[in-house]
Protein chains: 2
Amino acid sequence: MGRRPSRDRATIGDVATEAKVSRATVSRVMNGLATVDPAIAERVRATAVALDYRPNQVARSLALGRTQTIGYVVPDLTNPSFHSGLRGLSRAAAEQGYRVLVADSAEHADEEPGLALDTRRRCDAVVLVAPRMSESDLARLLPDLQPAVLLNRVVAGAGLPQLDVDWASGIRDLVRHLSGLGHRRIAYLQGPVASRSNTARELALAAATGVEVIKIRCGAMFPDGHAAAGQVLDSGVSAVIAFNDVVALGLLGALHELGTDVPGALSVVGFDDIPFAAYTWPPLTTAWVPQEEMGRLAWQRLSALLTPGHPVVDDAPVLLRPRLVVRGSTGRAPLRV
Amino acid sequence: MGRRPSRDRATIGDVATEAKVSRATVSRVMNGLATVDPAIAERVRATAVALDYRPNQVARSLALGRTQTIGYVVPDLTNPSFHSGLRGLSRAAAEQGYRVLVADSAEHADEEPGLALDTRRRCDAVVLVAPRMSESDLARLLPDLQPAVLLNRVVAGAGLPQLDVDWASGIRDLVRHLSGLGHRRIAYLQGPVASRSNTARELALAAATGVEVIKIRCGAMFPDGHAAAGQVLDSGVSAVIAFNDVVALGLLGALHELGTDVPGALSVVGFDDIPFAAYTWPPLTTAWVPQEEMGRLAWQRLSALLTPGHPVVDDAPVLLRPRLVVRGSTGRAPLRV
DNA sequence: CCTCCATGAGTAATCGGTTTCTCGCGGTTT
DNA sequence: AAACCGCGAGAAACCGATTACTCATGGAGG
């Protein structure tokens, strides 16, 4: 038998007894079904107020078979690029009475499948952001996770909506911008090797013509960018494409300390356009990624999956195009020879 | 009658039938109760695996009277100072099998009570961050919200744990640092007027001796700080205390554009020590606030409230002391006259 | 005046678990 | 050999809602 968890809240039964009607009627009144005599409905409502009755959501969820909750699984909650997504998702979902349960895998990619499944069991659906999960884990996981939406990653034939950033397009824009400024040798600060989006960036860079790209192992966080400054300078490039804005800012900090002129001696670009990018010095040229929009779109897809006549799943990944944002951290390549 | 929401998952009844035992026994096995014959337990486990059975968390929550979920209610999920708190809370709670449901009021302080209550009904407890909610709304809300923890704010006699930052101490440290550098006239960029923590800062500033403080209406976001640059320069101060780091960074950006030398002509300090603060140029002197720690402590308090013999609530607010972090944005006051 | 039907409200099944209570069984203790 | 005890497992109540059925009531129509 279950025990009362906290102080005794009024249940639907209490209201029914007090108002001298059946629980069914109370339920009907609370849910606004019209088949109740106005006088009785009013009495029930008054009783509910008097007893400070609020329907138990858990019981409701069990009976209805839905929790009105969706999960958001990410590797690290403090990564700024996930915030906007969470905000977009949370606000869009809230408009239809859904809430978001967050799960942070603390960067342990191997625990992510279990975490995602556990999250899914408490929710009606899941938004999964797992840039570093292995292809095989992911393939095994996805069928058990549905309804779900995959974010920032594409898996062929997954049978679920996928929203990804068109990394290649963003990289092309950045390269075109830099090469237009006369840069011919460009360093690329690599993200985590297991990261899908890093792979996508590298592929796009490999396809770039007219510029030579020097890859430098780096990471995804401030200290990674900060630590890479020495290698960047040694490499003799005139411009740097950082894995993301956070890395770019870390690099900028180190370059300032070293007295390197940006963009005079070295141009720097990031990726994401996090809110801070516009307020650094120099302000960061970057590729804006519509993260909040992605959160909203993710909800839109989930919402469709959750409605009764769930239509055919559109397998085709949606690629959102970044937009080049030119600020002060890029300039003409310095003259050489 | 409830209907099956998605594809038919195995229930405890299916497992029981298949393994030829009662549902009670399956439940005991799944929960590791030792009172089951090892052979039977093994058979049940095997059946569970074969049927890919996973206990329905909602049903479990209803029977147990607890959801293993706590709510986190904040005004704006994209505000960086809430991220670390969320992370600390989420990770600490996860260690004990609890999850976090986030609720973002989109800065609508008047809707926060309703939002908080709704969140509470789906959770076992709530962490409330509501810097701008009116005192009366808050007083009305809190009794219905318990168990709960109040973050970043103190209410006398609320009867629940309260964790707040010792804003005054942080401000004193910053003022002492600046006055030690010879600054006598200091501008303070005010936060949102309704914000409790802004009030606390202003009180501390009013009590400061040996320096003159010029208040300038500002806000809590980048653009606010950016827009305040003109007024700051006009005021003729030699140092600025910004409401928080975000405002300070906005200001720094504007000062760069205007060619003001920081810290040569003007020293700038922020508050919070968000991760970016160390990577701006110049790196920002600020008061570090242990947000992640606060998240962890909040969980610790909630955890205590949620355990059966919930001890007496310690009403006394816990004040966490910020720590001065001196970086490059502050320097000796320029000589005048 | 009687039948038919719409309306509104109550009864009870159900969602999928947990847990109390009860009982049968086998081994000890006198 | 009778009484007792402990252990393990099933039966059934319960958590707090929703809703398919059922049924009583009363007005309309024949």
# chains A, B, ... in the order shown; residues from 1 in each chain; ligands from 1
>>> interface_residues(of="chain A", to="chain C", cutoff="12 Å", atoms="only C-alpha atoms (C1' of nucleotides)", output="PyMOL selection string")
chain A and resi 1-3+16+20-29+33-38+40-41+58-66
>>> calpha_fit_and_write(fixed="chain A", moving="chain B", output="compact mmCIF listing (two decimals) with C-alpha atoms, in the first residue's frame")
# COMPACT_ATOMS: atom_id res chain seq x y z
CA MET B 1 -0.24 -0.02 -0.28
CA GLY B 2 1.01 3.48 -0.91
CA ARG B 3 1.49 5.78 1.99
CA ARG B 4 0.82 9.46 2.09
CA PRO B 5 4.09 11.11 1.34
CA SER B 6 3.58 14.52 2.78
CA ARG B 7 0.90 16.35 4.65
CA ASP B 8 -2.54 15.10 3.64
CA ARG B 9 -3.66 16.81 0.50
CA ALA B 10 -7.30 16.64 -0.53
CA THR B 11 -7.97 13.98 -3.14
CA ILE B 12 -10.70 13.77 -5.69
CA GLY B 13 -12.53 11.46 -3.32
CA ASP B 14 -12.55 14.08 -0.57
CA VAL B 15 -14.00 16.62 -2.91
CA ALA B 16 -16.60 14.17 -4.15
CA THR B 17 -17.72 13.29 -0.63
CA GLU B 18 -17.80 16.87 0.50
CA ALA B 19 -19.75 18.02 -2.54
CA LYS B 20 -21.97 14.93 -2.40
CA VAL B 21 -21.29 13.82 -5.93
CA SER B 22 -19.30 10.98 -7.45
CA ARG B 23 -15.59 11.11 -8.22
CA ALA B 24 -16.50 10.86 -11.88
CA THR B 25 -18.39 14.11 -11.67
CA VAL B 26 -15.57 15.89 -9.92
CA SER B 27 -13.24 14.69 -12.62
CA ARG B 28 -15.59 15.97 -15.29
CA VAL B 29 -15.83 19.35 -13.66
CA MET B 30 -12.11 19.67 -13.18
CA ASN B 31 -11.55 18.87 -16.83
CA GLY B 32 -14.21 21.22 -18.03
CA LEU B 33 -16.45 18.61 -19.61
CA ALA B 34 -19.71 20.31 -20.46
CA THR B 35 -21.97 17.44 -19.49
CA VAL B 36 -22.40 18.61 -15.93
CA ASP B 37 -25.27 20.59 -14.50
CA PRO B 38 -24.03 24.15 -13.95
CA ALA B 39 -25.29 24.23 -10.39
CA ILE B 40 -23.47 21.03 -9.50
CA ALA B 41 -20.37 22.14 -11.33
CA GLU B 42 -20.34 25.34 -9.34
CA ARG B 43 -20.76 23.43 -6.10
CA VAL B 44 -17.88 21.15 -7.00
CA ARG B 45 -15.67 24.05 -7.91
CA ALA B 46 -16.44 25.78 -4.65
CA THR B 47 -15.68 22.63 -2.70
CA ALA B 48 -12.45 22.18 -4.57
CA VAL B 49 -11.38 25.68 -3.67
CA ALA B 50 -12.47 25.24 -0.07
CA LEU B 51 -10.44 22.08 0.29
CA ASP B 52 -7.56 23.56 -1.69
CA TYR B 53 -7.83 20.57 -3.98
CA ARG B 54 -5.31 20.12 -6.75
CA PRO B 55 -5.40 17.01 -8.91
CA ASN B 56 -2.50 14.68 -8.36
CA GLN B 57 -0.51 14.83 -11.56
CA VAL B 58 1.02 11.43 -11.13
CA ALA B 59 -2.34 9.72 -10.85
CA ARG B 60 -3.52 11.74 -13.77
CA SER B 61 -0.52 10.72 -15.83
CA LEU B 62 -1.12 7.08 -15.04
CA ALA B 63 -4.76 7.21 -16.04
CA LEU B 64 -4.14 9.24 -19.15
CA GLY B 65 -1.08 7.35 -20.20
CA ARG B 66 0.94 10.48 -20.66
CA THR B 67 3.07 12.57 -18.37
CA GLN B 68 3.12 15.85 -20.24
CA THR B 69 6.85 15.78 -19.81
CA ILE B 70 9.67 15.45 -22.30
CA GLY B 71 13.28 14.70 -21.60
CA TYR B 72 16.34 16.61 -22.73
CA VAL B 73 19.52 14.61 -22.58
CA VAL B 74 22.82 16.45 -23.00
CA PRO B 75 26.46 15.74 -22.28
CA ASP B 76 27.04 18.84 -20.20
CA LEU B 77 24.55 21.36 -18.98
CA THR B 78 27.10 24.11 -18.62
CA ASN B 79 28.02 24.09 -22.28
CA PRO B 80 26.59 27.37 -23.49
CA SER B 81 25.53 26.03 -26.84
CA PHE B 82 22.96 23.78 -25.14
CA HIS B 83 21.38 26.56 -23.15
CA SER B 84 19.58 28.22 -25.98
CA GLY B 85 18.33 24.89 -27.20
CA LEU B 86 16.98 24.07 -23.77
CA ARG B 87 15.34 27.43 -23.53
CA GLY B 88 13.70 27.15 -26.93
CA LEU B 89 12.53 23.64 -26.16
CA SER B 90 11.30 24.48 -22.70
CA ARG B 91 9.35 27.53 -23.76
CA ALA B 92 7.81 25.95 -26.82
CA ALA B 93 6.78 22.90 -24.84
CA ALA B 94 5.42 25.03 -22.02
CA GLU B 95 2.99 26.63 -24.40
CA GLN B 96 1.29 23.29 -24.76
CA GLY B 97 1.51 22.38 -21.11
CA TYR B 98 4.57 20.18 -21.42
CA ARG B 99 7.55 20.31 -19.12
CA VAL B 100 11.17 19.42 -19.63
CA LEU B 101 13.15 16.96 -17.58
CA VAL B 102 16.86 17.50 -18.00
CA ALA B 103 19.52 14.86 -17.86
CA ASP B 104 23.20 15.62 -17.87
CA SER B 105 25.50 12.74 -18.64
CA ALA B 106 28.49 14.57 -17.23
CA GLU B 107 30.29 13.80 -20.50
CA HIS B 108 30.26 10.05 -19.87
CA ALA B 109 29.29 8.90 -23.33
CA ASP B 110 29.20 5.28 -22.26
CA GLU B 111 26.52 5.93 -19.66
CA GLU B 112 24.38 7.94 -22.01
CA PRO B 113 22.26 5.07 -23.35
CA GLY B 114 21.22 4.06 -19.86
CA LEU B 115 20.59 7.61 -18.86
CA ALA B 116 18.53 8.28 -21.94
CA LEU B 117 16.42 5.17 -21.41
CA ASP B 118 15.83 5.99 -17.79
CA THR B 119 14.83 9.49 -18.76
CA ARG B 120 12.54 8.19 -21.42
CA ARG B 121 10.68 6.01 -18.95
CA ARG B 122 9.62 9.07 -17.01
CA CYS B 123 8.63 11.07 -20.05
CA ASP B 124 6.47 10.91 -23.11
CA ALA B 125 9.37 11.59 -25.40
CA VAL B 126 13.02 12.54 -25.48
CA VAL B 127 15.27 15.03 -27.20
CA LEU B 128 18.69 13.50 -27.44
CA VAL B 129 21.90 15.43 -27.84
CA ALA B 130 24.73 12.93 -27.90
CA PRO B 131 27.52 14.13 -30.13
CA ARG B 132 29.99 11.60 -28.84
CA MET B 133 27.91 8.46 -28.49
CA SER B 134 29.17 5.65 -30.67
CA GLU B 135 27.26 4.83 -33.79
CA SER B 136 26.47 1.32 -32.56
CA ASP B 137 25.24 2.41 -29.14
CA LEU B 138 23.05 4.94 -30.83
CA ALA B 139 21.58 2.47 -33.28
CA ARG B 140 20.77 0.09 -30.44
CA LEU B 141 19.29 2.84 -28.32
CA LEU B 142 17.06 4.72 -30.71
CA PRO B 143 14.29 2.15 -31.22
CA ASP B 144 13.70 1.97 -27.47
CA LEU B 145 13.70 5.70 -27.13
CA GLN B 146 10.91 6.69 -29.44
CA PRO B 147 9.17 8.97 -29.72
CA ALA B 148 12.34 10.97 -29.84
CA VAL B 149 14.18 13.63 -31.76
CA LEU B 150 17.86 13.58 -32.44
CA LEU B 151 19.64 16.89 -32.18
CA ASN B 152 22.97 18.00 -33.61
CA ARG B 153 23.53 14.68 -35.25
CA VAL B 154 22.32 12.61 -38.15
CA VAL B 155 21.92 8.86 -38.36
CA ALA B 156 20.86 7.24 -41.60
CA GLY B 157 17.60 5.35 -41.50
CA ALA B 158 16.93 6.04 -37.86
CA GLY B 159 13.23 6.53 -38.44
CA LEU B 160 12.95 9.58 -36.26
CA PRO B 161 13.15 13.31 -36.78
CA GLN B 162 16.66 14.67 -36.86
CA LEU B 163 17.70 18.25 -36.58
CA ASP B 164 21.23 19.16 -37.33
CA VAL B 165 23.29 22.16 -38.13
CA ASP B 166 24.61 22.44 -41.63
CA TRP B 167 28.15 22.58 -40.37
CA ALA B 168 29.61 22.37 -43.86
CA SER B 169 27.71 25.40 -44.98
CA GLY B 170 28.87 27.39 -41.97
CA ILE B 171 32.46 26.35 -42.51
CA ARG B 172 32.24 27.27 -46.20
CA ASP B 173 30.95 30.72 -45.28
CA LEU B 174 33.77 31.24 -42.82
CA VAL B 175 36.40 30.04 -45.27
CA ARG B 176 34.98 32.22 -48.04
CA HIS B 177 35.01 35.19 -45.71
CA LEU B 178 38.61 34.57 -44.71
CA SER B 179 39.85 33.84 -48.18
CA GLY B 180 38.10 36.97 -49.38
CA LEU B 181 40.26 38.84 -46.92
CA GLY B 182 43.35 37.35 -48.48
CA HIS B 183 44.02 34.53 -46.04
CA ARG B 184 45.64 31.50 -47.66
CA ARG B 185 46.94 29.48 -44.74
CA ILE B 186 44.34 28.83 -42.07
CA ALA B 187 44.58 26.87 -38.85
CA TYR B 188 41.66 24.78 -37.66
CA LEU B 189 41.40 24.11 -33.95
CA GLN B 190 39.87 20.66 -33.80
CA GLY B 191 37.07 19.78 -31.43
CA PRO B 192 36.85 16.51 -29.53
CA VAL B 193 37.84 13.76 -31.92
CA ALA B 194 34.76 11.66 -31.23
CA SER B 195 32.45 14.54 -31.93
CA ARG B 196 30.27 14.18 -34.98
CA SER B 197 30.09 17.85 -35.60
CA ASN B 198 33.87 18.10 -35.55
CA THR B 199 34.06 15.46 -38.23
CA ALA B 200 31.58 17.38 -40.32
CA ARG B 201 33.65 20.55 -39.99
CA GLU B 202 36.82 18.75 -40.99
CA LEU B 203 35.20 17.27 -44.05
CA ALA B 204 34.05 20.68 -45.15
CA LEU B 205 37.52 22.09 -44.59
CA ALA B 206 39.11 19.30 -46.59
CA ALA B 207 36.86 20.22 -49.49
CA ALA B 208 37.80 23.89 -49.36
CA THR B 209 39.80 25.12 -52.29
CA GLY B 210 42.21 27.98 -52.52
CA VAL B 211 43.30 27.77 -48.89
CA GLU B 212 45.63 25.52 -46.99
CA VAL B 213 44.26 24.21 -43.72
CA ILE B 214 46.54 23.28 -40.85
CA LYS B 215 44.80 21.13 -38.24
CA ILE B 216 45.68 21.57 -34.62
CA ARG B 217 44.39 19.22 -31.96
CA CYS B 218 42.41 21.17 -29.46
CA GLY B 219 39.05 20.56 -27.71
CA ALA B 220 35.76 22.24 -26.95
CA MET B 221 36.40 24.34 -23.87
CA PHE B 222 38.09 27.60 -22.89
CA PRO B 223 41.32 26.08 -21.61
CA ASP B 224 41.70 24.09 -24.82
CA GLY B 225 41.62 27.24 -26.90
CA HIS B 226 43.85 29.04 -24.47
CA ALA B 227 46.44 26.30 -24.58
CA ALA B 228 46.49 26.18 -28.37
CA ALA B 229 47.78 29.73 -28.81
CA GLY B 230 51.41 28.72 -29.00
CA GLN B 231 50.86 26.14 -31.70
CA VAL B 232 48.75 28.57 -33.66
CA LEU B 233 51.45 31.20 -33.70
CA ASP B 234 54.14 28.65 -34.53
CA SER B 235 52.14 27.39 -37.48
CA GLY B 236 52.56 30.66 -39.28
CA VAL B 237 48.94 30.97 -40.37
CA SER B 238 47.19 34.28 -40.79
CA ALA B 239 43.78 33.10 -39.62
CA VAL B 240 42.25 30.57 -37.28
CA ILE B 241 38.94 28.78 -37.37
CA ALA B 242 38.16 27.56 -33.88
CA PHE B 243 35.96 24.54 -33.24
CA ASN B 244 33.47 26.83 -31.52
CA ASP B 245 33.15 30.23 -29.90
CA VAL B 246 34.22 29.02 -26.51
CA VAL B 247 37.51 27.78 -27.93
CA ALA B 248 37.88 30.99 -29.92
CA LEU B 249 37.44 33.07 -26.78
CA GLY B 250 39.98 30.98 -24.93
CA LEU B 251 42.37 31.57 -27.78
CA LEU B 252 41.65 35.29 -27.87
CA GLY B 253 42.46 35.53 -24.19
CA ALA B 254 45.81 33.85 -24.71
CA LEU B 255 46.59 35.99 -27.76
CA HIS B 256 45.95 39.11 -25.72
CA GLU B 257 48.34 37.89 -23.09
CA LEU B 258 50.94 37.23 -25.76
CA GLY B 259 50.40 40.63 -27.29
CA THR B 260 49.28 39.33 -30.65
CA ASP B 261 47.26 41.83 -32.61
CA VAL B 262 43.81 40.55 -33.58
CA PRO B 263 42.92 40.92 -36.35
CA GLY B 264 46.04 42.81 -37.44
CA ALA B 265 48.41 39.88 -37.16
CA LEU B 266 45.90 37.08 -36.88
CA SER B 267 42.24 36.74 -37.70
CA VAL B 268 40.10 34.52 -35.46
CA VAL B 269 36.66 33.07 -36.06
CA GLY B 270 34.48 30.85 -33.93
CA PHE B 271 31.27 28.91 -34.43
CA ASP B 272 27.88 29.13 -32.71
CA ASP B 273 27.52 32.82 -31.97
CA ILE B 274 27.00 32.40 -28.27
CA PRO B 275 25.75 35.57 -26.60
CA PHE B 276 29.22 36.48 -25.39
CA ALA B 277 30.70 36.52 -28.85
CA ALA B 278 29.38 39.98 -29.56
CA TYR B 279 30.94 41.42 -26.42
CA THR B 280 34.50 40.24 -26.55
CA TRP B 281 37.32 42.38 -27.78
CA PRO B 282 37.55 42.38 -30.62
CA PRO B 283 34.00 41.15 -31.10
CA LEU B 284 34.11 37.70 -32.58
CA THR B 285 33.39 36.91 -36.20
CA THR B 286 31.52 33.64 -36.16
CA ALA B 287 28.80 31.51 -37.71
CA TRP B 288 25.50 31.98 -35.96
CA VAL B 289 23.66 28.77 -35.19
CA PRO B 290 19.93 28.99 -34.52
CA GLN B 291 20.00 26.93 -31.35
CA GLU B 292 16.86 28.33 -29.80
CA GLU B 293 15.09 27.76 -33.07
CA MET B 294 16.31 24.19 -33.05
CA GLY B 295 14.83 23.73 -29.61
CA ARG B 296 11.53 25.05 -30.86
CA LEU B 297 11.64 22.87 -33.95
CA ALA B 298 12.48 19.86 -31.85
CA TRP B 299 9.35 20.47 -29.81
CA GLN B 300 7.33 20.90 -32.95
CA ARG B 301 8.46 17.49 -34.19
CA LEU B 302 7.85 15.85 -30.86
CA SER B 303 4.50 17.47 -30.58
CA ALA B 304 3.56 15.95 -33.92
CA LEU B 305 4.77 12.54 -32.82
CA LEU B 306 2.75 12.80 -29.65
CA THR B 307 -0.54 13.67 -31.26
CA PRO B 308 -2.85 10.70 -31.76
CA GLY B 309 -2.76 10.34 -35.53
CA HIS B 310 1.01 10.53 -35.50
CA PRO B 311 1.80 11.02 -39.14
CA VAL B 312 4.54 9.26 -40.97
CA VAL B 313 7.91 10.10 -39.50
CA ASP B 314 9.90 12.28 -41.78
CA ASP B 315 13.20 10.54 -41.78
CA ALA B 316 15.02 13.21 -43.71
CA PRO B 317 17.23 15.23 -41.43
CA VAL B 318 16.54 18.93 -41.31
CA LEU B 319 19.69 20.94 -41.70
CA LEU B 320 19.66 24.43 -40.28
CA ARG B 321 22.00 26.82 -41.99
CA PRO B 322 24.31 28.89 -39.87
CA ARG B 323 24.69 32.53 -40.83
CA LEU B 324 27.97 34.31 -41.08
CA VAL B 325 28.30 37.12 -38.56
CA VAL B 326 31.19 39.40 -39.36
CA ARG B 327 32.58 41.30 -36.41
CA GLY B 328 35.93 42.71 -35.48
CA SER B 329 38.09 39.64 -35.03
CA THR B 330 38.74 39.21 -38.72
CA GLY B 331 40.59 41.50 -41.10
CA ARG B 332 42.78 41.49 -44.17
CA ALA B 333 45.63 39.06 -44.15
CA PRO B 334 48.93 40.76 -43.28
CA LEU B 335 51.30 41.16 -46.20
CA ARG B 336 54.04 38.58 -46.22
CA VAL B 337 57.30 37.75 -47.91
>>> select_by_dssp(residues="stretch 61-310 of chain B", states="alpha helix (DSSP H)", output="PyMOL selection string")
chain B and resi 61-64+80-95+112-121+135-145+167-180+196-206+222-227+229-234+245-258+291-306
>>> interface_residues(of="chain D", to="chain B", cutoff="9 Å", atoms="only C-alpha atoms (C1' of nucleotides)", output="number ranges by chain")
D: 7-10, 14-16, 18-20
>>> write_last_selection(atoms="N, CA and C atoms (P, O5', C5', C4', C3', O3' and C1' of nucleotides)", output="PDB file, in the first residue's frame")
ATOM      1  P    DC D   7      13.353 -16.313   8.886  1.00  0.00           P
ATOM      2  O5'  DC D   7      13.113 -16.887   7.430  1.00  0.00           O
ATOM      3  C5'  DC D   7      13.203 -18.291   7.194  1.00  0.00           C
ATOM      4  C4'  DC D   7      12.414 -18.626   5.952  1.00  0.00           C
ATOM      5  C3'  DC D   7      12.371 -17.475   4.937  1.00  0.00           C
ATOM      6  O3'  DC D   7      12.767 -17.975   3.682  1.00  0.00           O
ATOM      7  C1'  DC D   7      10.183 -18.283   5.362  1.00  0.00           C
ATOM      8  P    DG D   8      13.177 -16.985   2.520  1.00  0.00           P
ATOM      9  O5'  DG D   8      12.092 -17.334   1.432  1.00  0.00           O
ATOM     10  C5'  DG D   8      11.752 -18.699   1.206  1.00  0.00           C
ATOM     11  C4'  DG D   8      10.419 -18.765   0.511  1.00  0.00           C
ATOM     12  C3'  DG D   8      10.261 -17.726  -0.601  1.00  0.00           C
ATOM     13  O3'  DG D   8       9.668 -18.370  -1.703  1.00  0.00           O
ATOM     14  C1'  DG D   8       8.469 -17.538   0.925  1.00  0.00           C
ATOM     15  P    DA D   9       9.675 -17.630  -3.142  1.00  0.00           P
ATOM     16  O5'  DA D   9       8.124 -17.446  -3.407  1.00  0.00           O
ATOM     17  C5'  DA D   9       7.295 -18.598  -3.420  1.00  0.00           C
ATOM     18  C4'  DA D   9       5.847 -18.185  -3.328  1.00  0.00           C
ATOM     19  C3'  DA D   9       5.456 -17.099  -4.338  1.00  0.00           C
ATOM     20  O3'  DA D   9       4.220 -17.454  -4.915  1.00  0.00           O
ATOM     21  C1'  DA D   9       4.809 -16.461  -2.170  1.00  0.00           C
ATOM     22  P    DG D  10       3.743 -16.843  -6.297  1.00  0.00           P
ATOM     23  O5'  DG D  10       2.172 -16.745  -6.059  1.00  0.00           O
ATOM     24  C5'  DG D  10       1.510 -17.841  -5.413  1.00  0.00           C
ATOM     25  C4'  DG D  10       0.271 -17.344  -4.697  1.00  0.00           C
ATOM     26  C3'  DG D  10      -0.562 -16.346  -5.505  1.00  0.00           C
ATOM     27  O3'  DG D  10      -1.934 -16.625  -5.290  1.00  0.00           O
ATOM     28  C1'  DG D  10       0.048 -15.359  -3.464  1.00  0.00           C
ATOM     29  P    DC D  14      -8.221  -0.650   1.110  1.00  0.00           P
ATOM     30  O5'  DC D  14      -7.087   0.200   0.394  1.00  0.00           O
ATOM     31  C5'  DC D  14      -5.749   0.095   0.850  1.00  0.00           C
ATOM     32  C4'  DC D  14      -4.824   0.825  -0.091  1.00  0.00           C
ATOM     33  C3'  DC D  14      -5.438   2.072  -0.737  1.00  0.00           C
ATOM     34  O3'  DC D  14      -4.664   3.188  -0.374  1.00  0.00           O
ATOM     35  C1'  DC D  14      -4.318   0.739  -2.345  1.00  0.00           C
ATOM     36  P    DC D  15      -5.313   4.668  -0.458  1.00  0.00           P
ATOM     37  O5'  DC D  15      -4.209   5.477  -1.233  1.00  0.00           O
ATOM     38  C5'  DC D  15      -2.842   5.133  -1.189  1.00  0.00           C
ATOM     39  C4'  DC D  15      -2.168   5.650  -2.429  1.00  0.00           C
ATOM     40  C3'  DC D  15      -2.996   6.693  -3.166  1.00  0.00           C
ATOM     41  O3'  DC D  15      -2.525   7.998  -2.842  1.00  0.00           O
ATOM     42  C1'  DC D  15      -2.090   5.037  -4.674  1.00  0.00           C
ATOM     43  P    DG D  16      -3.618   9.105  -2.439  1.00  0.00           P
ATOM     44  O5'  DG D  16      -4.196   9.595  -3.834  1.00  0.00           O
ATOM     45  C5'  DG D  16      -3.313  10.196  -4.751  1.00  0.00           C
ATOM     46  C4'  DG D  16      -3.990  10.328  -6.086  1.00  0.00           C
ATOM     47  C3'  DG D  16      -5.366  11.010  -6.035  1.00  0.00           C
ATOM     48  O3'  DG D  16      -5.407  11.936  -7.096  1.00  0.00           O
ATOM     49  C1'  DG D  16      -5.499   8.990  -7.202  1.00  0.00           C
ATOM     50  P    DT D  18      -8.793  13.210 -13.837  1.00  0.00           P
ATOM     51  O5'  DT D  18      -8.973  11.893 -14.731  1.00  0.00           O
ATOM     52  C5'  DT D  18      -7.938  11.525 -15.624  1.00  0.00           C
ATOM     53  C4'  DT D  18      -8.401  10.359 -16.471  1.00  0.00           C
ATOM     54  C3'  DT D  18      -9.613  10.644 -17.357  1.00  0.00           C
ATOM     55  O3'  DT D  18      -9.361  10.023 -18.604  1.00  0.00           O
ATOM     56  C1'  DT D  18     -10.074   8.790 -15.981  1.00  0.00           C
ATOM     57  P    DT D  19     -10.230  10.412 -19.874  1.00  0.00           P
ATOM     58  O5'  DT D  19     -11.296   9.228 -19.943  1.00  0.00           O
ATOM     59  C5'  DT D  19     -10.824   7.890 -20.060  1.00  0.00           C
ATOM     60  C4'  DT D  19     -11.981   6.930 -19.952  1.00  0.00           C
ATOM     61  C3'  DT D  19     -13.256   7.355 -20.678  1.00  0.00           C
ATOM     62  O3'  DT D  19     -13.845   6.192 -21.237  1.00  0.00           O
ATOM     63  C1'  DT D  19     -13.769   6.860 -18.482  1.00  0.00           C
ATOM     64  P    DA D  20     -14.314   6.198 -22.749  1.00  0.00           P
ATOM     65  O5'  DA D  20     -14.950   4.749 -22.944  1.00  0.00           O
ATOM     66  C5'  DA D  20     -14.153   3.591 -22.653  1.00  0.00           C
ATOM     67  C4'  DA D  20     -15.014   2.510 -22.021  1.00  0.00           C
ATOM     68  C3'  DA D  20     -16.356   2.287 -22.709  1.00  0.00           C
ATOM     69  O3'  DA D  20     -16.701   0.901 -22.614  1.00  0.00           O
ATOM     70  C1'  DA D  20     -16.740   2.970 -20.483  1.00  0.00           C
TER      71       DA D  20
END
>>> select_by_dssp(residues="stretch 149-266 of chain B", states="strand (DSSP E)", output="PyMOL selection string")
chain B and resi 149-151+162-165+185-189+212-216+239-242
